[in-house]
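Participant: I'm passing along final_37.pdb; it holds PDB, C-alpha atoms.
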MODEL        1
ATOM      1  CA  MET A  27       0.000   0.000   0.000
ATOM      2  CA  ILE A  28       1.549   3.270  -1.131
ATOM      3  CA  GLU A  29       0.626   6.488   0.622
ATOM      4  CA  ILE A  30       1.205   9.969  -0.829
ATOM      5  CA  ARG A  31       1.457  13.101   1.286
ATOM      6  CA  LYS A  32       3.024  16.552   1.160
ATOM      7  CA  ALA A  33       6.764  16.633   1.838
ATOM      8  CA  VAL A  34       7.872  18.024   5.185
ATOM      9  CA  GLU A  35      11.229  19.328   6.359
ATOM     10  CA  SER A  36      12.179  16.053   8.089
ATOM     11  CA  ASP A  37      11.756  14.136   4.783
ATOM     12  CA  LYS A  38      14.714  15.940   3.253
ATOM     13  CA  PRO A  39      17.545  13.505   4.092
ATOM     14  CA  ALA A  40      15.551  10.569   2.648
ATOM     15  CA  ILE A  41      14.616  12.630  -0.441
ATOM     16  CA  TRP A  42      18.280  13.448  -1.032
ATOM     17  CA  GLN A  43      19.170   9.725  -0.841
ATOM     18  CA  ILE A  44      16.625   9.008  -3.587
ATOM     19  CA  ILE A  45      17.799  11.900  -5.765
ATOM     20  CA  ARG A  46      21.440  10.869  -5.329
ATOM     21  CA  GLU A  47      20.742   7.276  -6.358
ATOM     22  CA  VAL A  48      18.492   8.268  -9.281
ATOM     23  CA  ILE A  49      20.893  10.779 -10.850
ATOM     24  CA  ALA A  50      24.066   8.692 -10.309
ATOM     25  CA  PRO A  51      23.798   6.630 -13.541
ATOM     26  CA  GLY A  52      23.282   9.782 -15.690
ATOM     27  CA  ASP A  53      20.641   8.070 -17.814
ATOM     28  CA  THR A  54      17.254   9.564 -16.891
ATOM     29  CA  TYR A  55      17.801  13.100 -15.618
ATOM     30  CA  VAL A  56      20.012  15.902 -16.917
ATOM     31  CA  PHE A  57      21.409  16.687 -13.487
ATOM     32  CA  ASP A  58      25.138  16.245 -13.087
ATOM     33  CA  PRO A  59      25.564  12.794 -11.463
ATOM     34  CA  ASP A  60      28.049  14.451  -9.087
ATOM     35  CA  ALA A  61      25.742  17.347  -8.150
ATOM     36  CA  SER A  62      25.965  18.217  -4.455
ATOM     37  CA  GLU A  63      23.225  17.756  -1.888
ATOM     38  CA  ALA A  64      22.944  21.546  -1.435
ATOM     39  CA  GLU A  65      22.578  22.142  -5.176
ATOM     40  CA  MET A  66      19.988  19.423  -5.742
ATOM     41  CA  MET A  67      17.924  20.186  -2.664
ATOM     42  CA  GLU A  68      17.803  23.886  -3.549
ATOM     43  CA  TYR A  69      16.520  22.927  -7.007
ATOM     44  CA  TRP A  70      14.039  20.321  -5.746
ATOM     45  CA  PHE A  71      12.508  22.732  -3.193
ATOM     46  CA  THR A  72      12.389  26.119  -4.965
ATOM     47  CA  PRO A  73       9.423  28.152  -3.614
ATOM     48  CA  ASP A  74       7.376  27.747  -6.834
ATOM     49  CA  LYS A  75       7.059  23.979  -6.258
ATOM     50  CA  TYR A  76       4.474  21.805  -4.496
ATOM     51  CA  ASN A  77       6.464  18.890  -3.045
ATOM     52  CA  TYR A  78       5.192  15.412  -2.201
ATOM     53  CA  VAL A  79       6.540  12.063  -1.055
ATOM     54  CA  ALA A  80       5.411   8.459  -1.478
ATOM     55  CA  LEU A  81       5.660   6.020   1.422
ATOM     56  CA  SER A  82       5.532   2.229   1.456
ATOM     57  CA  ASP A  83       5.127   0.708   4.944
ATOM     58  CA  GLY A  84       6.228   4.030   6.379
ATOM     59  CA  GLU A  85       9.421   4.121   4.304
ATOM     60  CA  LEU A  86      10.016   7.002   1.907
ATOM     61  CA  VAL A  87      10.224   5.402  -1.564
ATOM     62  CA  GLY A  88       9.390   8.251  -3.936
ATOM     63  CA  THR A  89       9.356  12.019  -4.346
ATOM     64  CA  PHE A  90       7.776  14.386  -6.838
ATOM     65  CA  TRP A  91       6.864  18.016  -7.300
ATOM     66  CA  LEU A  92       4.366  20.061  -9.271
ATOM     67  CA  ARG A  93       4.777  23.627 -10.494
ATOM     68  CA  ALA A  94       3.660  25.954 -13.285
ATOM     69  CA  ASN A  95       5.765  25.340 -16.397
ATOM     70  CA  GLN A  96       5.717  29.033 -17.337
ATOM     71  CA  PRO A  97       4.932  32.303 -15.527
ATOM     72  CA  GLY A  98       2.095  34.745 -16.269
ATOM     73  CA  LEU A  99       0.019  33.924 -19.347
ATOM     74  CA  GLY A 100       1.426  30.386 -19.459
ATOM     75  CA  SER A 101       0.866  29.491 -15.797
ATOM     76  CA  HIS A 102      -2.174  27.273 -16.520
ATOM     77  CA  VAL A 103       0.181  24.558 -17.857
ATOM     78  CA  GLY A 104       1.689  22.461 -15.089
ATOM     79  CA  ASN A 105       5.020  20.684 -14.948
ATOM     80  CA  ALA A 106       6.340  17.943 -12.672
ATOM     81  CA  ALA A 107       9.295  15.703 -11.871
ATOM     82  CA  TYR A 108       9.280  12.311 -10.174
ATOM     83  CA  MET A 109      11.861  10.002  -8.657
ATOM     84  CA  VAL A 110      11.467   6.481  -7.290
ATOM     85  CA  ALA A 111      14.030   4.881  -4.970
ATOM     86  CA  PRO A 112      15.853   2.271  -7.096
ATOM     87  CA  ALA A 113      15.289  -0.377  -4.368
ATOM     88  CA  ALA A 114      11.498   0.183  -4.603
ATOM     89  CA  LYS A 115      11.202  -0.280  -8.379
ATOM     90  CA  GLY A 116       8.418  -2.526  -9.652
ATOM     91  CA  LYS A 117       6.076  -1.845  -6.691
ATOM     92  CA  GLY A 118       3.877   0.616  -8.582
ATOM     93  CA  VAL A 119       5.339   3.655  -6.830
ATOM     94  CA  GLY A 120       5.741   5.552 -10.111
ATOM     95  CA  LYS A 121       2.233   4.767 -11.296
ATOM     96  CA  THR A 122       0.719   5.722  -7.925
ATOM     97  CA  MET A 123       2.602   9.038  -7.897
ATOM     98  CA  ALA A 124       1.645   9.643 -11.540
ATOM     99  CA  GLU A 125      -2.075   9.164 -10.943
ATOM    100  CA  TYR A 126      -2.084  11.105  -7.679
ATOM    101  CA  SER A 127      -0.128  13.976  -9.189
ATOM    102  CA  LEU A 128      -2.525  14.399 -12.109
ATOM    103  CA  GLU A 129      -5.505  14.631  -9.731
ATOM    104  CA  GLU A 130      -3.560  17.007  -7.491
ATOM    105  CA  ALA A 131      -2.483  19.180 -10.441
ATOM    106  CA  LYS A 132      -6.141  19.514 -11.425
ATOM    107  CA  ARG A 133      -7.078  20.435  -7.830
ATOM    108  CA  ILE A 134      -4.358  23.109  -7.814
ATOM    109  CA  GLY A 135      -5.965  24.526 -10.953
ATOM    110  CA  PHE A 136      -3.697  23.482 -13.815
ATOM    111  CA  ALA A 137      -5.466  22.900 -17.143
ATOM    112  CA  SER A 138      -2.812  20.608 -18.600
ATOM    113  CA  MET A 139       0.610  19.117 -17.877
ATOM    114  CA  GLN A 140       3.796  19.373 -19.906
ATOM    115  CA  PHE A 141       7.024  17.439 -19.384
ATOM    116  CA  ASN A 142       9.958  19.219 -21.004
ATOM    117  CA  PHE A 143      12.503  16.439 -20.870
ATOM    118  CA  VAL A 144      11.693  12.710 -20.906
ATOM    119  CA  VAL A 145      14.814  10.862 -22.071
ATOM    120  CA  LYS A 146      13.833   8.774 -25.107
ATOM    121  CA  THR A 147      15.695   5.665 -23.920
ATOM    122  CA  ASN A 148      13.932   5.833 -20.514
ATOM    123  CA  VAL A 149      11.293   3.475 -21.898
ATOM    124  CA  VAL A 150       9.734   2.753 -18.502
ATOM    125  CA  ALA A 151       8.964   6.452 -18.018
ATOM    126  CA  VAL A 152       7.746   7.017 -21.583
ATOM    127  CA  LYS A 153       5.367   4.019 -21.312
ATOM    128  CA  LEU A 154       4.152   5.054 -17.866
ATOM    129  CA  TRP A 155       3.238   8.529 -19.117
ATOM    130  CA  GLN A 156       1.577   7.184 -22.229
ATOM    131  CA  SER A 157      -0.437   4.767 -20.034
ATOM    132  CA  VAL A 158      -1.950   7.727 -18.167
ATOM    133  CA  GLY A 159      -2.828   9.705 -21.284
ATOM    134  CA  PHE A 160       0.282  11.691 -22.175
ATOM    135  CA  GLU A 161       1.251  12.220 -25.797
ATOM    136  CA  ILE A 162       4.648  12.975 -27.298
ATOM    137  CA  ILE A 163       4.332  16.517 -28.719
ATOM    138  CA  GLY A 164       7.990  17.067 -29.571
ATOM    139  CA  GLU A 165      11.439  15.520 -29.688
ATOM    140  CA  ILE A 166      14.693  17.322 -28.889
ATOM    141  CA  PRO A 167      17.685  15.961 -30.839
ATOM    142  CA  ASN A 168      20.815  15.093 -28.805
ATOM    143  CA  ALA A 169      19.278  16.577 -25.671
ATOM    144  CA  ILE A 170      21.312  14.657 -23.066
ATOM    145  CA  ARG A 171      24.900  13.437 -22.864
ATOM    146  CA  HIS A 172      23.619  10.050 -21.650
ATOM    147  CA  LYS A 173      26.310   8.272 -19.623
ATOM    148  CA  THR A 174      25.908   4.930 -21.390
ATOM    149  CA  ASN A 175      24.236   5.764 -24.739
ATOM    150  CA  GLY A 176      25.996   9.037 -25.589
ATOM    151  CA  LEU A 177      23.996  11.886 -27.132
ATOM    152  CA  THR A 178      20.350  10.880 -26.806
ATOM    153  CA  ASN A 179      17.061  12.558 -27.744
ATOM    154  CA  ALA A 180      14.423  13.668 -25.241
ATOM    155  CA  TYR A 181      10.657  13.815 -25.661
ATOM    156  CA  ILE A 182       8.327  16.620 -24.720
ATOM    157  CA  MET A 183       5.098  15.071 -23.398
ATOM    158  CA  TYR A 184       1.697  16.645 -22.726
ATOM    159  CA  ARG A 185      -1.837  15.948 -21.647
ATOM    160  CA  GLU A 186      -4.955  17.939 -20.788
ATOM    161  CA  LEU A 187      -6.248  17.547 -17.222
TER     162      LEU A 187
ATOM    163  CA  MET B 162      24.055  50.252 -38.677
ATOM    164  CA  ILE B 163      23.226  48.050 -35.725
ATOM    165  CA  GLU B 164      25.882  47.350 -33.109
ATOM    166  CA  ILE B 165      25.717  44.488 -30.604
ATOM    167  CA  ARG B 166      27.600  44.476 -27.316
ATOM    168  CA  LYS B 167      27.374  42.967 -23.854
ATOM    169  CA  ALA B 168      24.825  44.602 -21.565
ATOM    170  CA  VAL B 169      26.176  46.785 -18.764
ATOM    171  CA  GLU B 170      24.560  48.018 -15.558
ATOM    172  CA  SER B 171      23.720  51.428 -17.016
ATOM    173  CA  ASP B 172      21.699  49.809 -19.839
ATOM    174  CA  LYS B 173      19.117  48.526 -17.378
ATOM    175  CA  PRO B 174      16.585  51.408 -17.471
ATOM    176  CA  ALA B 175      16.470  51.295 -21.304
ATOM    177  CA  ILE B 176      16.193  47.469 -21.248
ATOM    178  CA  TRP B 177      13.247  47.696 -18.861
ATOM    179  CA  GLN B 178      11.503  50.171 -21.209
ATOM    180  CA  ILE B 179      11.814  47.652 -24.055
ATOM    181  CA  ILE B 180      10.621  44.743 -21.919
ATOM    182  CA  ARG B 181       7.665  46.777 -20.628
ATOM    183  CA  GLU B 182       6.557  47.734 -24.145
ATOM    184  CA  VAL B 183       7.069  44.229 -25.554
ATOM    185  CA  ILE B 184       5.129  42.373 -22.851
ATOM    186  CA  ALA B 185       2.261  44.921 -22.590
ATOM    187  CA  PRO B 186       0.123  43.461 -25.437
ATOM    188  CA  GLY B 187       0.349  39.899 -23.998
ATOM    189  CA  ASP B 188       0.763  38.388 -27.444
ATOM    190  CA  THR B 189       4.385  37.248 -27.789
ATOM    191  CA  TYR B 190       5.719  36.453 -24.313
ATOM    192  CA  VAL B 191       4.151  34.579 -21.409
ATOM    193  CA  PHE B 192       5.141  37.230 -18.873
ATOM    194  CA  ASP B 193       2.262  38.945 -17.100
ATOM    195  CA  PRO B 194       1.745  42.237 -19.014
ATOM    196  CA  ASP B 195       1.565  43.939 -15.592
ATOM    197  CA  ALA B 196       4.771  42.356 -14.271
ATOM    198  CA  SER B 197       6.843  44.796 -12.210
ATOM    199  CA  GLU B 198      10.226  46.195 -13.177
ATOM    200  CA  ALA B 199      11.867  44.369 -10.235
ATOM    201  CA  GLU B 200      10.331  41.030 -11.214
ATOM    202  CA  MET B 201      11.232  41.286 -14.909
ATOM    203  CA  MET B 202      14.731  42.619 -14.380
ATOM    204  CA  GLU B 203      15.485  39.856 -11.880
ATOM    205  CA  TYR B 204      14.346  37.298 -14.477
ATOM    206  CA  TRP B 205      16.198  38.950 -17.390
ATOM    207  CA  PHE B 206      19.485  39.122 -15.467
ATOM    208  CA  THR B 207      19.692  35.838 -13.504
ATOM    209  CA  PRO B 208      23.371  34.839 -13.047
ATOM    210  CA  ASP B 209      23.129  31.961 -15.556
ATOM    211  CA  LYS B 210      22.533  34.383 -18.448
ATOM    212  CA  TYR B 211      24.834  36.131 -20.917
ATOM    213  CA  ASN B 212      23.145  39.484 -21.627
ATOM    214  CA  TYR B 213      23.531  41.663 -24.716
ATOM    215  CA  VAL B 214      22.044  44.820 -26.200
ATOM    216  CA  ALA B 215      21.591  46.113 -29.747
ATOM    217  CA  LEU B 216      22.198  49.799 -30.514
ATOM    218  CA  SER B 217      21.141  51.855 -33.514
ATOM    219  CA  ASP B 218      22.851  55.275 -33.732
ATOM    220  CA  GLY B 219      23.764  54.933 -30.077
ATOM    221  CA  GLU B 220      20.181  54.233 -29.012
ATOM    222  CA  LEU B 221      19.319  50.966 -27.276
ATOM    223  CA  VAL B 222      16.818  49.219 -29.576
ATOM    224  CA  GLY B 223      17.079  45.564 -28.611
ATOM    225  CA  THR B 224      18.055  43.167 -25.859
ATOM    226  CA  PHE B 225      18.699  39.430 -25.712
ATOM    227  CA  TRP B 226      20.293  36.783 -23.540
ATOM    228  CA  LEU B 227      21.829  33.356 -23.958
ATOM    229  CA  ARG B 228      21.950  30.574 -21.377
ATOM    230  CA  ALA B 229      22.062  26.798 -21.097
ATOM    231  CA  ASN B 230      18.554  25.368 -21.517
ATOM    232  CA  GLN B 231      19.240  22.596 -18.994
ATOM    233  CA  PRO B 232      21.826  21.955 -16.272
ATOM    234  CA  GLY B 233      24.411  19.151 -16.137
ATOM    235  CA  LEU B 234      24.159  16.579 -18.918
ATOM    236  CA  GLY B 235      21.889  18.895 -20.959
ATOM    237  CA  SER B 236      24.017  22.045 -20.709
ATOM    238  CA  HIS B 237      25.337  21.764 -24.286
ATOM    239  CA  VAL B 238      21.943  22.947 -25.594
ATOM    240  CA  GLY B 239      21.584  26.715 -25.504
ATOM    241  CA  ASN B 240      18.472  28.826 -25.047
ATOM    242  CA  ALA B 241      17.799  32.515 -25.693
ATOM    243  CA  ALA B 242      15.214  35.277 -25.572
ATOM    244  CA  TYR B 243      15.091  38.457 -27.641
ATOM    245  CA  MET B 244      13.166  41.710 -27.534
ATOM    246  CA  VAL B 245      13.121  44.595 -30.031
ATOM    247  CA  ALA B 246      11.850  48.059 -29.105
ATOM    248  CA  PRO B 247       8.470  48.409 -30.872
ATOM    249  CA  ALA B 248       9.554  51.808 -32.302
ATOM    250  CA  ALA B 249      12.586  50.159 -33.972
ATOM    251  CA  LYS B 250      10.663  47.413 -35.780
ATOM    252  CA  GLY B 251      11.482  46.799 -39.427
ATOM    253  CA  LYS B 252      15.104  47.971 -39.144
ATOM    254  CA  GLY B 253      16.576  44.481 -39.042
ATOM    255  CA  VAL B 254      17.315  44.601 -35.328
ATOM    256  CA  GLY B 255      15.812  41.142 -34.748
ATOM    257  CA  LYS B 256      17.713  39.571 -37.639
ATOM    258  CA  THR B 257      20.996  41.180 -36.558
ATOM    259  CA  MET B 258      20.560  39.960 -32.974
ATOM    260  CA  ALA B 259      19.553  36.494 -34.245
ATOM    261  CA  GLU B 260      22.660  36.067 -36.395
ATOM    262  CA  TYR B 261      24.998  37.530 -33.805
ATOM    263  CA  SER B 262      23.539  35.389 -31.035
ATOM    264  CA  LEU B 263      24.005  32.151 -32.979
ATOM    265  CA  GLU B 264      27.683  32.949 -33.568
ATOM    266  CA  GLU B 265      28.086  33.970 -29.946
ATOM    267  CA  ALA B 266      26.329  30.820 -28.676
ATOM    268  CA  LYS B 267      28.791  28.753 -30.707
ATOM    269  CA  ARG B 268      31.736  30.731 -29.282
ATOM    270  CA  ILE B 269      30.428  30.112 -25.750
ATOM    271  CA  GLY B 270      30.454  26.412 -26.571
ATOM    272  CA  PHE B 271      26.817  25.455 -27.130
ATOM    273  CA  ALA B 272      26.260  22.661 -29.651
ATOM    274  CA  SER B 273      22.683  23.624 -30.497
ATOM    275  CA  MET B 274      19.907  26.069 -29.593
ATOM    276  CA  GLN B 275      16.405  25.331 -28.370
ATOM    277  CA  PHE B 276      13.536  27.805 -27.981
ATOM    278  CA  ASN B 277      10.922  26.467 -25.586
ATOM    279  CA  PHE B 278       8.128  28.877 -26.330
ATOM    280  CA  VAL B 279       7.585  30.659 -29.675
ATOM    281  CA  VAL B 280       3.933  31.746 -29.838
ATOM    282  CA  LYS B 281       2.443  30.246 -33.005
ATOM    283  CA  THR B 282       0.657  33.467 -34.025
ATOM    284  CA  ASN B 283       3.906  35.462 -33.676
ATOM    285  CA  VAL B 284       4.523  34.875 -37.378
ATOM    286  CA  VAL B 285       7.349  37.426 -37.627
ATOM    287  CA  ALA B 286       9.350  35.522 -35.010
ATOM    288  CA  VAL B 287       8.580  32.068 -36.423
ATOM    289  CA  LYS B 288       9.662  33.204 -39.932
ATOM    290  CA  LEU B 289      12.769  34.922 -38.607
ATOM    291  CA  TRP B 290      13.897  31.756 -36.823
ATOM    292  CA  GLN B 291      13.147  29.565 -39.814
ATOM    293  CA  SER B 292      15.148  31.972 -42.012
ATOM    294  CA  VAL B 293      18.247  31.329 -39.896
ATOM    295  CA  GLY B 294      17.879  27.556 -39.885
ATOM    296  CA  PHE B 295      15.576  26.711 -36.978
ATOM    297  CA  GLU B 296      13.047  23.921 -37.283
ATOM    298  CA  ILE B 297       9.810  23.396 -35.388
ATOM    299  CA  ILE B 298      10.395  20.248 -33.301
ATOM    300  CA  GLY B 299       7.236  20.415 -31.204
ATOM    301  CA  GLU B 300       3.971  22.246 -30.618
ATOM    302  CA  ILE B 301       2.391  22.872 -27.200
ATOM    303  CA  PRO B 302      -1.420  23.037 -27.317
ATOM    304  CA  ASN B 303      -3.070  26.056 -25.626
ATOM    305  CA  ALA B 304       0.269  27.188 -24.253
ATOM    306  CA  ILE B 305      -0.529  30.893 -23.764
ATOM    307  CA  ARG B 306      -3.622  32.827 -22.720
ATOM    308  CA  HIS B 307      -3.017  35.251 -25.617
ATOM    309  CA  LYS B 308      -4.585  38.631 -24.863
ATOM    310  CA  THR B 309      -6.256  38.982 -28.265
ATOM    311  CA  ASN B 310      -6.475  35.423 -29.653
ATOM    312  CA  GLY B 311      -7.302  33.490 -26.459
ATOM    313  CA  LEU B 312      -5.672  30.106 -25.860
ATOM    314  CA  THR B 313      -2.937  29.774 -28.476
ATOM    315  CA  ASN B 314      -0.327  27.108 -29.228
ATOM    316  CA  ALA B 315       3.421  27.630 -28.942
ATOM    317  CA  TYR B 316       6.201  26.058 -30.981
ATOM    318  CA  ILE B 317       9.418  24.525 -29.731
ATOM    319  CA  MET B 318      12.187  25.403 -32.212
ATOM    320  CA  TYR B 319      15.704  24.012 -32.568
ATOM    321  CA  ARG B 320      18.861  24.124 -34.627
ATOM    322  CA  GLU B 321      22.371  22.724 -34.457
ATOM    323  CA  LEU B 322      25.171  25.305 -34.236
TER     324      LEU B 322
ENDMDL
END
Give the structure from this file in structure tokens form.
Facilitator:
Amino acid sequence: MIEIRKAVESDKPAIWQIIREVIAPGDTYVFDPDASEAEMMEYWFTPDKYNYVALSDGELVGTFWLRANQPGLGSHVGNAAYMVAPAAKGKGVGKTMAEYSLEEAKRIGFASMQFNFVVKTNVVAVKLWQSVGFEIIGEIPNAIRHKTNGLTNAYIMYREL
Amino acid sequence: MIEIRKAVESDKPAIWQIIREVIAPGDTYVFDPDASEAEMMEYWFTPDKYNYVALSDGELVGTFWLRANQPGLGSHVGNAAYMVAPAAKGKGVGKTMAEYSLEEAKRIGFASMQFNFVVKTNVVAVKLWQSVGFEIIGEIPNAIRHKTNGLTNAYIMYREL
């Protein structure tokens, strides 16, 4: 049973452990695999973000945030990022966060969601987003210096809420 | 004759005048047409940006910046934004800034350029970017609450350098 709730200050060390493990292989996120805790936590918790965590049997196994993708006249389009603890893969954490986040984004008032950077070879993520109604609306050539595949494209994905 | 140089502190009041006039109609940029000087100048001059101005007969008629579109493993893709003083339209300021900025982006070390948000009805901008080699690689539905046209799509444009 996976529970989602808002992130609180005391979640931060566990969130950093997830981020650190997720970015280390350099294959799904653009962040420097050697980025520092200070750098990543500042980015993950900028004031424009709504932050959440996923728990499995009381253990923190996932983290995501929602925010507006653009300011002003573009602020009705939401944006989000998600990370699942590598040890908790295959338990449906990603899917649970995905579904919860889309409902939550609608509650916040977003009309649609746009992902700016889904690495094309991250097939699990691409399929997950397609399974909950996202479409590929663009493809950026050579968007990431992927640690194992070299220069790799990224998709831009979108769905109405 | 249009001259391009790096922006300096004393250019800021003239840059704000251009920004203010360009965002007021709410038809080309997502920024709130009523955004304050402090808010816009903070955004235009964040430390990750390389800022430039265009001068015509000594008068400041345009402003643009370059930056990395993503951190870390995506930092080889550049991004930019450009504004031309409405009174200086038709003098080739946009084209001069476009060409200069692509050379400059290459000098800085970017491998390509990506624009995340070119309003589809901003035909002058779309044509300008296509004329210097950009391609439309994506289209965001209902991306901007355009002040005259209502919900309007935006293009994502890209070119190698």
Participant: With all atoms listed in the file as the counted atoms, please give the residues lying no more than 10 Å from Phe90 of chain A, apart from itself and same-chain residues fewer than 2 positions off, as a ChimeraX atom specification.
Facilitator: /A:30,32-33,41,70,75-80,88,92,106-110,120,123-124,127
Participant: Once you have the residues from the selection above, write them out as a compact mmCIF listing (two decimals), keeping the file's coordinate frame, restricted to C-alpha atoms.
Facilitator:
# COMPACT_ATOMS: atom_id res chain seq x y z
CA ILE A 30 1.20 9.97 -0.83
CA LYS A 32 3.02 16.55 1.16
CA ALA A 33 6.76 16.63 1.84
CA ILE A 41 14.62 12.63 -0.44
CA TRP A 70 14.04 20.32 -5.75
CA LYS A 75 7.06 23.98 -6.26
CA TYR A 76 4.47 21.80 -4.50
CA ASN A 77 6.46 18.89 -3.04
CA TYR A 78 5.19 15.41 -2.20
CA VAL A 79 6.54 12.06 -1.06
CA ALA A 80 5.41 8.46 -1.48
CA GLY A 88 9.39 8.25 -3.94
CA LEU A 92 4.37 20.06 -9.27
CA ALA A 106 6.34 17.94 -12.67
CA ALA A 107 9.30 15.70 -11.87
CA TYR A 108 9.28 12.31 -10.17
CA MET A 109 11.86 10.00 -8.66
CA VAL A 110 11.47 6.48 -7.29
CA GLY A 120 5.74 5.55 -10.11
CA MET A 123 2.60 9.04 -7.90
CA ALA A 124 1.64 9.64 -11.54
CA SER A 127 -0.13 13.98 -9.19
Participant: Could you write out as a PyMOL selection string the residues that the ChimeraX specification (/B :<7) & /A matches in the shown file?
Facilitator: chain A and resi 56-58+97-100+103+163-166+169-171
Participant: Need to verify the contact set: Gly84 of chain A, 10 Å, only C-alpha atoms, exclusion of same-chain residues closer than 2 positions in sequence. Can you return it as a compact mmCIF listing (two decimals) with C-alpha atoms, in the coordinates of the input?
Facilitator:
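The new file out-v3.txt reads:
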# COMPACT_ATOMS: atom_id res chain seq x y z
CA MET A 27 0.00 0.00 0.00
CA ILE A 28 1.55 3.27 -1.13
CA GLU A 29 0.63 6.49 0.62
CA ALA A 80 5.41 8.46 -1.48
CA LEU A 81 5.66 6.02 1.42
CA SER A 82 5.53 2.23 1.46
CA LEU A 86 10.02 7.00 1.91
CA VAL A 87 10.22 5.40 -1.56
Participant: Work out how far apart atom CA of Lys250 of chain B and atom CA of Phe295 of chain B are and give it in Å to one decimal.
Facilitator: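 Distance reported for this atom pair: 21.3 Å.
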Participant: Quick one: distance from atom CA of Arg93 of chain A to atom CA of Leu128 of chain A in Å, one decimal?
Facilitator: 11.9 Å
Participant: One decimal, in Å: what's the spacing between atom CA of Ala229 of chain B and atom CA of Ile180 of chain B?
Facilitator: 21.3 Å
Participant: Using only C-alpha atoms, pick whichever of B:Arg166, B:Glu296, B:Lys288, B:Asn283 has the shortest atom-to-atom distance to Tyr261 of chain B.
Facilitator: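 Using only C-alpha atoms, Tyr261 of chain B sits closest to B:Arg166.
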Participant: For Glu68 of chain A, which residue among A:Val144, A:Thr89, A:Val150, A:Trp42 is the nearest when counting only C-alpha atoms?
Facilitator: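 Using only C-alpha atoms, the shortest distance to Glu68 of chain A belongs to A:Trp42.
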Participant: Pull N, CA and C atoms for segment 112-126 of chain A from the block and write them as a PDB file, in the first residue's frame.
Facilitator:
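The result, stored in part_3.pdb:
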ATOM      1  N   PRO A 112      15.539   3.454  -6.284  1.00  0.00           N
ATOM      2  CA  PRO A 112      15.853   2.271  -7.096  1.00  0.00           C
ATOM      3  C   PRO A 112      15.454   0.957  -6.411  1.00  0.00           C
ATOM      4  N   ALA A 113      15.622   0.860  -5.093  1.00  0.00           N
ATOM      5  CA  ALA A 113      15.289  -0.377  -4.368  1.00  0.00           C
ATOM      6  C   ALA A 113      13.791  -0.661  -4.353  1.00  0.00           C
ATOM      7  N   ALA A 114      12.957   0.353  -4.653  1.00  0.00           N
ATOM      8  CA  ALA A 114      11.498   0.183  -4.603  1.00  0.00           C
ATOM      9  C   ALA A 114      10.883   0.040  -5.993  1.00  0.00           C
ATOM     10  N   LYS A 115      11.714  -0.147  -7.007  1.00  0.00           N
ATOM     11  CA  LYS A 115      11.202  -0.280  -8.379  1.00  0.00           C
ATOM     12  C   LYS A 115      10.304  -1.508  -8.517  1.00  0.00           C
ATOM     13  N   GLY A 116       9.285  -1.385  -9.380  1.00  0.00           N
ATOM     14  CA  GLY A 116       8.418  -2.526  -9.652  1.00  0.00           C
ATOM     15  C   GLY A 116       7.269  -2.685  -8.665  1.00  0.00           C
ATOM     16  N   LYS A 117       7.153  -1.777  -7.691  1.00  0.00           N
ATOM     17  CA  LYS A 117       6.076  -1.845  -6.691  1.00  0.00           C
ATOM     18  C   LYS A 117       4.895  -0.940  -7.046  1.00  0.00           C
ATOM     19  N   GLY A 118       4.979  -0.282  -8.204  1.00  0.00           N
ATOM     20  CA  GLY A 118       3.877   0.616  -8.582  1.00  0.00           C
ATOM     21  C   GLY A 118       3.979   2.003  -7.967  1.00  0.00           C
ATOM     22  N   VAL A 119       5.162   2.334  -7.445  1.00  0.00           N
ATOM     23  CA  VAL A 119       5.339   3.655  -6.830  1.00  0.00           C
ATOM     24  C   VAL A 119       5.179   4.752  -7.876  1.00  0.00           C
ATOM     25  N   GLY A 120       5.819   4.559  -9.035  1.00  0.00           N
ATOM     26  CA  GLY A 120       5.741   5.552 -10.111  1.00  0.00           C
ATOM     27  C   GLY A 120       4.313   5.762 -10.581  1.00  0.00           C
ATOM     28  N   LYS A 121       3.624   4.688 -10.818  1.00  0.00           N
ATOM     29  CA  LYS A 121       2.233   4.767 -11.296  1.00  0.00           C
ATOM     30  C   LYS A 121       1.333   5.455 -10.258  1.00  0.00           C
ATOM     31  N   THR A 122       1.527   5.102  -8.984  1.00  0.00           N
ATOM     32  CA  THR A 122       0.719   5.722  -7.925  1.00  0.00           C
ATOM     33  C   THR A 122       0.990   7.224  -7.852  1.00  0.00           C
ATOM     34  N   MET A 123       2.270   7.610  -7.919  1.00  0.00           N
ATOM     35  CA  MET A 123       2.602   9.038  -7.897  1.00  0.00           C
ATOM     36  C   MET A 123       2.040   9.729  -9.133  1.00  0.00           C
ATOM     37  N   ALA A 124       2.134   9.062 -10.287  1.00  0.00           N
ATOM     38  CA  ALA A 124       1.645   9.643 -11.540  1.00  0.00           C
ATOM     39  C   ALA A 124       0.154   9.967 -11.427  1.00  0.00           C
ATOM     40  N   GLU A 125      -0.623   8.965 -11.009  1.00  0.00           N
ATOM     41  CA  GLU A 125      -2.075   9.164 -10.943  1.00  0.00           C
ATOM     42  C   GLU A 125      -2.450  10.216  -9.896  1.00  0.00           C
ATOM     43  N   TYR A 126      -1.810  10.129  -8.734  1.00  0.00           N
ATOM     44  CA  TYR A 126      -2.084  11.105  -7.679  1.00  0.00           C
ATOM     45  C   TYR A 126      -1.740  12.521  -8.150  1.00  0.00           C
TER      46      TYR A 126
END
